[in-house]
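Undergrad: Shown below is the structure under consideration.
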Amino acid sequence: MVKLAIDGGVPTRTKSFPDWPIYGEMEERLLLEVLHSGKWGGTGRIQLPEAEKQFAAIHDAKHAITVVNGTVAITIALQAAGVQPGDEVIMPPYTFFATASAALMFGAIPVFVDVEENTLLLDASKVEAAITPRTKAIVPVHIGGAMADMTQLKAIADKYKLRIIEDSAQAVGARWNGSGAGTIGDLGTFSFQSTKNINSGEGGMILTQSDEMADLAWSLINAGRVRSGEWYQHENVGWNLRMTEFQAAILIAQLSRLEQQMITREKNAKLLEELMRQIEGIRVLDRDPRITRHANHLFLFKIMPELAERISKQEVCRAIGAEGIPVHEGYVSLNLNPAIIEGTRKWTGESRTYSCPVSERACLKEALWMHQNVLLGDEQDMYDIAQGITKVLKSYS
């Protein structure tokens, strides 16, 4: 048997994968333009309108509103949709902490509904059972760049008169049946945090087709002002949550690379899927054919249950990493997160529990990731990934 690198053997590869972020002359030029303009903050509105215009166009959205980060984008979108403290918001537990903490920030209560076994996306077939008289919104998370079942979720929302806020932090450029991420629900939110496919260091965006919700979101981000009002005309309780001109400059430059990067990621993701499907002991997640464009923020795969019962996910992750393949363990299922449980108790006065076995098992035992920069490599990189993972999995057979 071939000796694993973690046991002192020769690693599959020592070559690094593409660095992230990728930047160049355009970022430098636009940043200098902001610097010399003297209009650095979020009220300068020189680069910001262009960033919003370009981002809206990519997703076929009527309105785009820049915001300080993706977490706050969710909070503001919920409020713009009419969610109030004490209202319940349905969401999946297989997601980043911020999906739930953004609701708890103002007292909206996360209600967890499990994810699909084969996609790790919100299981739309289980949503109706979680609806109560206090439910006001559904927050599907487009995990890894794959969009949740927006057709069924939209039908449920329409039936029960609920709002949908699409957590599209990982789904810049994705499409469902041709419609852009963030435009099928009432509002969509995006993140430009450092690891995201579009990176401005920090920052976020809210998309909507609704004039009314766009105006309210803008007001909440701009200290309660109204677009056509005076500087000291505050008509809502809002806050200064604006993106800066520096961030907008980087965002514009990063968007200029998005199309080619999406093509590269998709090409490599399809090859890697083909290679990984041949490896015994793992399974690649399913891709719904209604996802007409995948953002490929993460490449997710799962250790098969019988193997996951014999060895820990952490052990597999370390062994694959030692082969030169940067694999990550991923999330803690949010229905089990102590901070979220306690945060919910503080607002509700009760300790709520949710059974989400698919998410729990994925987080504890099965699901692994590779980040999007790995998919910006070349064809040989994909073969190296498959070879390294095959080497490790064979050692456990």
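Following the order of the structure tokens, chains are lettered A, B, ..., residues in each are numbered from 1, and ligands are numbered from 1.
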Could I get the residues of range 145-197 of chain A with an atom no further than 12 Å from an atom of range 243-261 of chain A, each paired with its nearest atom pair and that distance in Å to one decimal, using only C-alpha atoms, sorted by chain and residue number, as a tab-separated table?
TA:
residue	atom	partner	partner_atom	distance
A:Ala171	CA	A:Leu258	CA	11.9
A:Val172	CA	A:Leu258	CA	8.9
A:Gly173	CA	A:Leu258	CA	8.2
A:Ala174	CA	A:Glu259	CA	11.2
A:Ser191	CA	A:Leu251	CA	11.1
A:Phe192	CA	A:Leu251	CA	8.0
A:Gln193	CA	A:Gln247	CA	10.6
A:Ser194	CA	A:Leu251	CA	11.4
A:Lys196	CA	A:Gln254	CA	10.9
A:Asn197	CA	A:Leu258	CA	7.9
Undergrad: What's around Ala169 in chain A at 12 Å? Count only C-alpha atoms, leave out sequence neighbours fewer than 2 positions away in its own chain, and write the answer as number ranges by chain.
TA: A: 69-74, 95-96, 98-99, 139-147, 165-167, 171-174, 181-182, 188-199, 202-207, 295-298
Undergrad: Take the residues from that selection and put them in a file with C-alpha atoms, as a tab-separated table (two decimals), in the first residue's frame.
TA:
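Contents of part.tsv, freshly written:
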chain	number	residue	atom	x	y	z
A	69	ASN	CA	-21.20	43.59	4.81
A	70	GLY	CA	-23.19	40.48	3.97
A	71	THR	CA	-24.39	39.87	7.52
A	72	VAL	CA	-25.95	43.30	7.82
A	73	ALA	CA	-27.37	42.86	4.32
A	74	ILE	CA	-29.52	40.00	5.67
A	95	THR	CA	-24.98	27.60	6.62
A	96	PHE	CA	-22.59	30.16	8.04
A	98	ALA	CA	-24.38	34.94	10.08
A	99	THR	CA	-27.57	33.66	8.45
A	139	VAL	CA	-34.32	32.49	4.04
A	140	PRO	CA	-33.03	29.89	1.58
A	141	VAL	CA	-29.23	29.74	1.47
A	142	HIS	CA	-27.61	29.13	-1.91
A	143	ILE	CA	-24.83	27.08	-0.36
A	144	GLY	CA	-21.58	26.72	-2.28
A	145	GLY	CA	-23.05	28.63	-5.21
A	146	ALA	CA	-25.90	26.16	-5.89
A	147	MET	CA	-29.36	27.69	-5.72
A	165	ILE	CA	-34.88	36.68	1.41
A	166	GLU	CA	-32.30	34.77	-0.63
A	167	ASP	CA	-28.99	34.41	1.22
A	171	ALA	CA	-23.92	32.70	-5.26
A	172	VAL	CA	-22.73	35.76	-7.18
A	173	GLY	CA	-23.70	35.20	-10.82
A	174	ALA	CA	-25.77	32.05	-10.19
A	181	ALA	CA	-29.72	34.80	-7.72
A	182	GLY	CA	-31.34	37.30	-5.40
A	188	GLY	CA	-31.46	38.84	-2.12
A	189	THR	CA	-28.29	39.45	-0.15
A	190	PHE	CA	-24.64	39.05	-1.13
A	191	SER	CA	-21.26	39.18	0.60
A	192	PHE	CA	-17.95	40.53	-0.66
A	193	GLN	CA	-15.93	39.25	2.31
A	194	SER	CA	-12.37	38.21	1.54
A	195	THR	CA	-13.04	34.57	0.62
A	196	LYS	CA	-16.02	35.27	-1.64
A	197	ASN	CA	-15.95	34.98	-5.44
A	198	ILE	CA	-16.21	38.76	-5.63
A	199	ASN	CA	-14.04	40.26	-2.92
A	202	GLU	CA	-15.64	43.43	3.26
A	203	GLY	CA	-18.96	44.62	1.91
A	204	GLY	CA	-22.37	43.45	0.84
A	205	MET	CA	-25.22	44.06	-1.58
A	206	ILE	CA	-29.01	43.84	-1.46
A	207	LEU	CA	-30.99	43.18	-4.63
A	295	ALA	CA	-21.43	30.03	-8.87
A	296	ASN	CA	-19.04	27.29	-7.65
A	297	HIS	CA	-17.99	29.09	-4.49
A	298	LEU	CA	-17.34	25.73	-2.83
Undergrad: Name the residues in contact with Arg242 in chain A at a cut-off of 7 Å, using only C-alpha atoms, excluding same-chain residues fewer than 6 positions from it; report them as a ChimeraX atom specification.
TA: /A:42,66-68,221-222
Undergrad: Please provide the set of residues having any atom within 10 Å of Asp186 in chain A, restricted to only C-alpha atoms, with same-chain residues fewer than 4 positions apart removed, written as a PDB file with all heavy atoms, in the first residue's frame.
TA:
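What follows is the written file selection38.pdb:
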ATOM      1  N   ALA A  77     -32.346  43.423   4.890  1.00  0.00           N
ATOM      2  CA  ALA A  77     -33.326  42.848   3.962  1.00  0.00           C
ATOM      3  C   ALA A  77     -34.541  42.312   4.713  1.00  0.00           C
ATOM      4  O   ALA A  77     -35.684  42.494   4.276  1.00  0.00           O
ATOM      5  CB  ALA A  77     -32.671  41.743   3.136  1.00  0.00           C
ATOM      6  N   LEU A  78     -34.305  41.643   5.837  1.00  0.00           N
ATOM      7  CA  LEU A  78     -35.428  41.154   6.651  1.00  0.00           C
ATOM      8  C   LEU A  78     -36.305  42.316   7.099  1.00  0.00           C
ATOM      9  O   LEU A  78     -37.542  42.248   7.024  1.00  0.00           O
ATOM     10  CB  LEU A  78     -34.891  40.392   7.864  1.00  0.00           C
ATOM     11  CG  LEU A  78     -34.309  39.004   7.598  1.00  0.00           C
ATOM     12  CD1 LEU A  78     -33.545  38.499   8.828  1.00  0.00           C
ATOM     13  CD2 LEU A  78     -35.401  38.011   7.226  1.00  0.00           C
ATOM     14  N   ALA A  80     -36.529  45.328   5.724  1.00  0.00           N
ATOM     15  CA  ALA A  80     -37.179  45.939   4.563  1.00  0.00           C
ATOM     16  C   ALA A  80     -38.363  45.109   4.089  1.00  0.00           C
ATOM     17  O   ALA A  80     -39.315  45.643   3.509  1.00  0.00           O
ATOM     18  CB  ALA A  80     -36.166  46.109   3.433  1.00  0.00           C
ATOM     19  N   ALA A  81     -38.315  43.801   4.362  1.00  0.00           N
ATOM     20  CA  ALA A  81     -39.413  42.904   3.991  1.00  0.00           C
ATOM     21  C   ALA A  81     -40.541  42.919   5.015  1.00  0.00           C
ATOM     22  O   ALA A  81     -41.553  42.234   4.832  1.00  0.00           O
ATOM     23  CB  ALA A  81     -38.885  41.478   3.831  1.00  0.00           C
ATOM     24  N   ALA A 137     -41.053  34.942   7.128  1.00  0.00           N
ATOM     25  CA  ALA A 137     -40.135  34.886   5.990  1.00  0.00           C
ATOM     26  C   ALA A 137     -39.424  33.543   5.926  1.00  0.00           C
ATOM     27  O   ALA A 137     -39.337  32.813   6.922  1.00  0.00           O
ATOM     28  CB  ALA A 137     -39.107  36.014   6.084  1.00  0.00           C
ATOM     29  N   LYS A 154     -40.922  29.486  -3.659  1.00  0.00           N
ATOM     30  CA  LYS A 154     -41.756  30.626  -4.052  1.00  0.00           C
ATOM     31  C   LYS A 154     -43.232  30.250  -3.989  1.00  0.00           C
ATOM     32  O   LYS A 154     -44.071  31.068  -3.552  1.00  0.00           O
ATOM     33  CB  LYS A 154     -41.374  31.059  -5.475  1.00  0.00           C
ATOM     34  CG  LYS A 154     -42.060  32.338  -5.952  1.00  0.00           C
ATOM     35  CD  LYS A 154     -41.491  33.554  -5.253  1.00  0.00           C
ATOM     36  CE  LYS A 154     -41.908  34.851  -5.946  1.00  0.00           C
ATOM     37  NZ  LYS A 154     -43.358  35.064  -6.040  1.00  0.00           N
ATOM     38  N   LEU A 162     -45.744  34.745   2.699  1.00  0.00           N
ATOM     39  CA  LEU A 162     -44.466  34.944   3.365  1.00  0.00           C
ATOM     40  C   LEU A 162     -43.494  35.647   2.434  1.00  0.00           C
ATOM     41  O   LEU A 162     -43.617  35.577   1.210  1.00  0.00           O
ATOM     42  CB  LEU A 162     -43.866  33.590   3.787  1.00  0.00           C
ATOM     43  CG  LEU A 162     -44.731  32.712   4.678  1.00  0.00           C
ATOM     44  CD1 LEU A 162     -44.027  31.387   4.931  1.00  0.00           C
ATOM     45  CD2 LEU A 162     -45.066  33.412   5.991  1.00  0.00           C
ATOM     46  N   ARG A 163     -42.518  36.321   3.011  1.00  0.00           N
ATOM     47  CA  ARG A 163     -41.442  36.927   2.249  1.00  0.00           C
ATOM     48  C   ARG A 163     -40.300  35.911   2.069  1.00  0.00           C
ATOM     49  O   ARG A 163     -40.118  35.021   2.914  1.00  0.00           O
ATOM     50  CB  ARG A 163     -40.899  38.161   2.955  1.00  0.00           C
ATOM     51  CG  ARG A 163     -41.912  39.280   3.157  1.00  0.00           C
ATOM     52  CD  ARG A 163     -42.405  39.832   1.842  1.00  0.00           C
ATOM     53  NE  ARG A 163     -43.147  41.079   2.028  1.00  0.00           N
ATOM     54  CZ  ARG A 163     -43.760  41.720   1.047  1.00  0.00           C
ATOM     55  NH1 ARG A 163     -43.734  41.238  -0.188  1.00  0.00           N
ATOM     56  NH2 ARG A 163     -44.412  42.844   1.289  1.00  0.00           N
ATOM     57  N   ILE A 164     -39.563  36.067   0.994  1.00  0.00           N
ATOM     58  CA  ILE A 164     -38.347  35.282   0.790  1.00  0.00           C
ATOM     59  C   ILE A 164     -37.160  36.230   0.683  1.00  0.00           C
ATOM     60  O   ILE A 164     -37.173  37.168  -0.123  1.00  0.00           O
ATOM     61  CB  ILE A 164     -38.419  34.422  -0.484  1.00  0.00           C
ATOM     62  CG1 ILE A 164     -39.483  33.336  -0.359  1.00  0.00           C
ATOM     63  CG2 ILE A 164     -37.055  33.780  -0.782  1.00  0.00           C
ATOM     64  CD1 ILE A 164     -39.594  32.443  -1.587  1.00  0.00           C
ATOM     65  N   ILE A 165     -36.161  35.976   1.506  1.00  0.00           N
ATOM     66  CA  ILE A 165     -34.883  36.676   1.413  1.00  0.00           C
ATOM     67  C   ILE A 165     -33.846  35.632   1.031  1.00  0.00           C
ATOM     68  O   ILE A 165     -33.570  34.703   1.801  1.00  0.00           O
ATOM     69  CB  ILE A 165     -34.489  37.377   2.739  1.00  0.00           C
ATOM     70  CG1 ILE A 165     -35.401  38.588   2.993  1.00  0.00           C
ATOM     71  CG2 ILE A 165     -33.042  37.858   2.682  1.00  0.00           C
ATOM     72  CD1 ILE A 165     -36.712  38.263   3.609  1.00  0.00           C
ATOM     73  N   GLU A 166     -33.289  35.737  -0.159  1.00  0.00           N
ATOM     74  CA  GLU A 166     -32.299  34.766  -0.632  1.00  0.00           C
ATOM     75  C   GLU A 166     -30.924  35.122  -0.060  1.00  0.00           C
ATOM     76  O   GLU A 166     -30.375  36.177  -0.380  1.00  0.00           O
ATOM     77  CB  GLU A 166     -32.225  34.768  -2.150  1.00  0.00           C
ATOM     78  CG  GLU A 166     -33.500  34.368  -2.864  1.00  0.00           C
ATOM     79  CD  GLU A 166     -33.354  34.509  -4.364  1.00  0.00           C
ATOM     80  OE1 GLU A 166     -32.440  33.883  -4.938  1.00  0.00           O
ATOM     81  OE2 GLU A 166     -34.137  35.280  -4.961  1.00  0.00           O
ATOM     82  N   GLY A 182     -30.943  36.080  -6.099  1.00  0.00           N
ATOM     83  CA  GLY A 182     -31.338  37.302  -5.396  1.00  0.00           C
ATOM     84  C   GLY A 182     -32.488  38.049  -6.015  1.00  0.00           C
ATOM     85  O   GLY A 182     -32.925  39.069  -5.470  1.00  0.00           O
ATOM     86  N   LEU A 207     -30.271  43.060  -3.376  1.00  0.00           N
ATOM     87  CA  LEU A 207     -30.990  43.183  -4.634  1.00  0.00           C
ATOM     88  C   LEU A 207     -32.484  43.031  -4.392  1.00  0.00           C
ATOM     89  O   LEU A 207     -32.906  42.269  -3.525  1.00  0.00           O
ATOM     90  CB  LEU A 207     -30.557  42.102  -5.633  1.00  0.00           C
ATOM     91  CG  LEU A 207     -29.107  42.069  -6.093  1.00  0.00           C
ATOM     92  CD1 LEU A 207     -28.908  40.969  -7.134  1.00  0.00           C
ATOM     93  CD2 LEU A 207     -28.652  43.412  -6.635  1.00  0.00           C
ATOM     94  N   THR A 208     -33.270  43.738  -5.171  1.00  0.00           N
ATOM     95  CA  THR A 208     -34.723  43.575  -5.122  1.00  0.00           C
ATOM     96  C   THR A 208     -35.329  44.139  -6.393  1.00  0.00           C
ATOM     97  O   THR A 208     -34.750  45.027  -7.034  1.00  0.00           O
ATOM     98  CB  THR A 208     -35.334  44.250  -3.884  1.00  0.00           C
ATOM     99  OG1 THR A 208     -36.738  43.977  -3.833  1.00  0.00           O
ATOM    100  CG2 THR A 208     -35.116  45.751  -3.888  1.00  0.00           C
ATOM    101  N   GLN A 209     -36.511  43.635  -6.736  1.00  0.00           N
ATOM    102  CA  GLN A 209     -37.288  44.177  -7.855  1.00  0.00           C
ATOM    103  C   GLN A 209     -38.337  45.178  -7.359  1.00  0.00           C
ATOM    104  O   GLN A 209     -39.027  45.794  -8.163  1.00  0.00           O
ATOM    105  CB  GLN A 209     -37.987  43.042  -8.617  1.00  0.00           C
ATOM    106  CG  GLN A 209     -37.096  41.858  -9.004  1.00  0.00           C
ATOM    107  CD  GLN A 209     -36.018  42.192 -10.013  1.00  0.00           C
ATOM    108  OE1 GLN A 209     -35.345  43.219  -9.919  1.00  0.00           O
ATOM    109  NE2 GLN A 209     -35.845  41.318 -10.995  1.00  0.00           N
ATOM    110  N   SER A 210     -38.437  45.320  -6.034  1.00  0.00           N
ATOM    111  CA  SER A 210     -39.478  46.161  -5.431  1.00  0.00           C
ATOM    112  C   SER A 210     -38.964  47.573  -5.172  1.00  0.00           C
ATOM    113  O   SER A 210     -37.982  47.766  -4.454  1.00  0.00           O
ATOM    114  CB  SER A 210     -39.943  45.537  -4.105  1.00  0.00           C
ATOM    115  OG  SER A 210     -40.653  46.453  -3.313  1.00  0.00           O
ATOM    116  N   MET A 213     -39.379  48.264  -1.256  1.00  0.00           N
ATOM    117  CA  MET A 213     -38.383  47.614  -0.400  1.00  0.00           C
ATOM    118  C   MET A 213     -36.993  48.193  -0.634  1.00  0.00           C
ATOM    119  O   MET A 213     -36.204  48.314   0.307  1.00  0.00           O
ATOM    120  CB  MET A 213     -38.387  46.104  -0.633  1.00  0.00           C
ATOM    121  CG  MET A 213     -39.646  45.423  -0.139  1.00  0.00           C
ATOM    122  SD  MET A 213     -39.550  43.631  -0.310  1.00  0.00           S
ATOM    123  CE  MET A 213     -41.268  43.199  -0.058  1.00  0.00           C
TER     124      MET A 213
END
Undergrad: Between A:Ala108, A:Ile279, A:Val226, A:Val115, which residue has the minimum interatomic distance to Asn335 in chain A, considering only C-alpha atoms?
TA: A:Val115
Undergrad: So, counting only C-alpha atoms, which residue among A:Met150, A:Leu271, A:Met26, A:Leu122 is closest to Ser179 in chain A?
TA: A:Met150
Undergrad: Fewer than 3 positions away in the same chain doesn't count, so skip those; otherwise give me all residues within 12 Å of Asp378 in chain A, counting only C-alpha atoms, as a PyMOL selection string.
TA: chain A and resi 15-18+264-269+271-272+373-375+381-385
Undergrad: Identify which of the residues A:Glu280, A:Glu52, A:Glu366, A:Glu25 lies closest to Lys302 in chain A, counting only C-alpha atoms when measuring atom-to-atom distances.
TA: A:Glu366
Undergrad: Between CA of Met370 in chain A and CA of Ile6 in chain A, what is the distance in Å, rounded to a tenth?
TA: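 CA of Met370 in chain A sits 18.9 Å away from CA of Ile6 in chain A.
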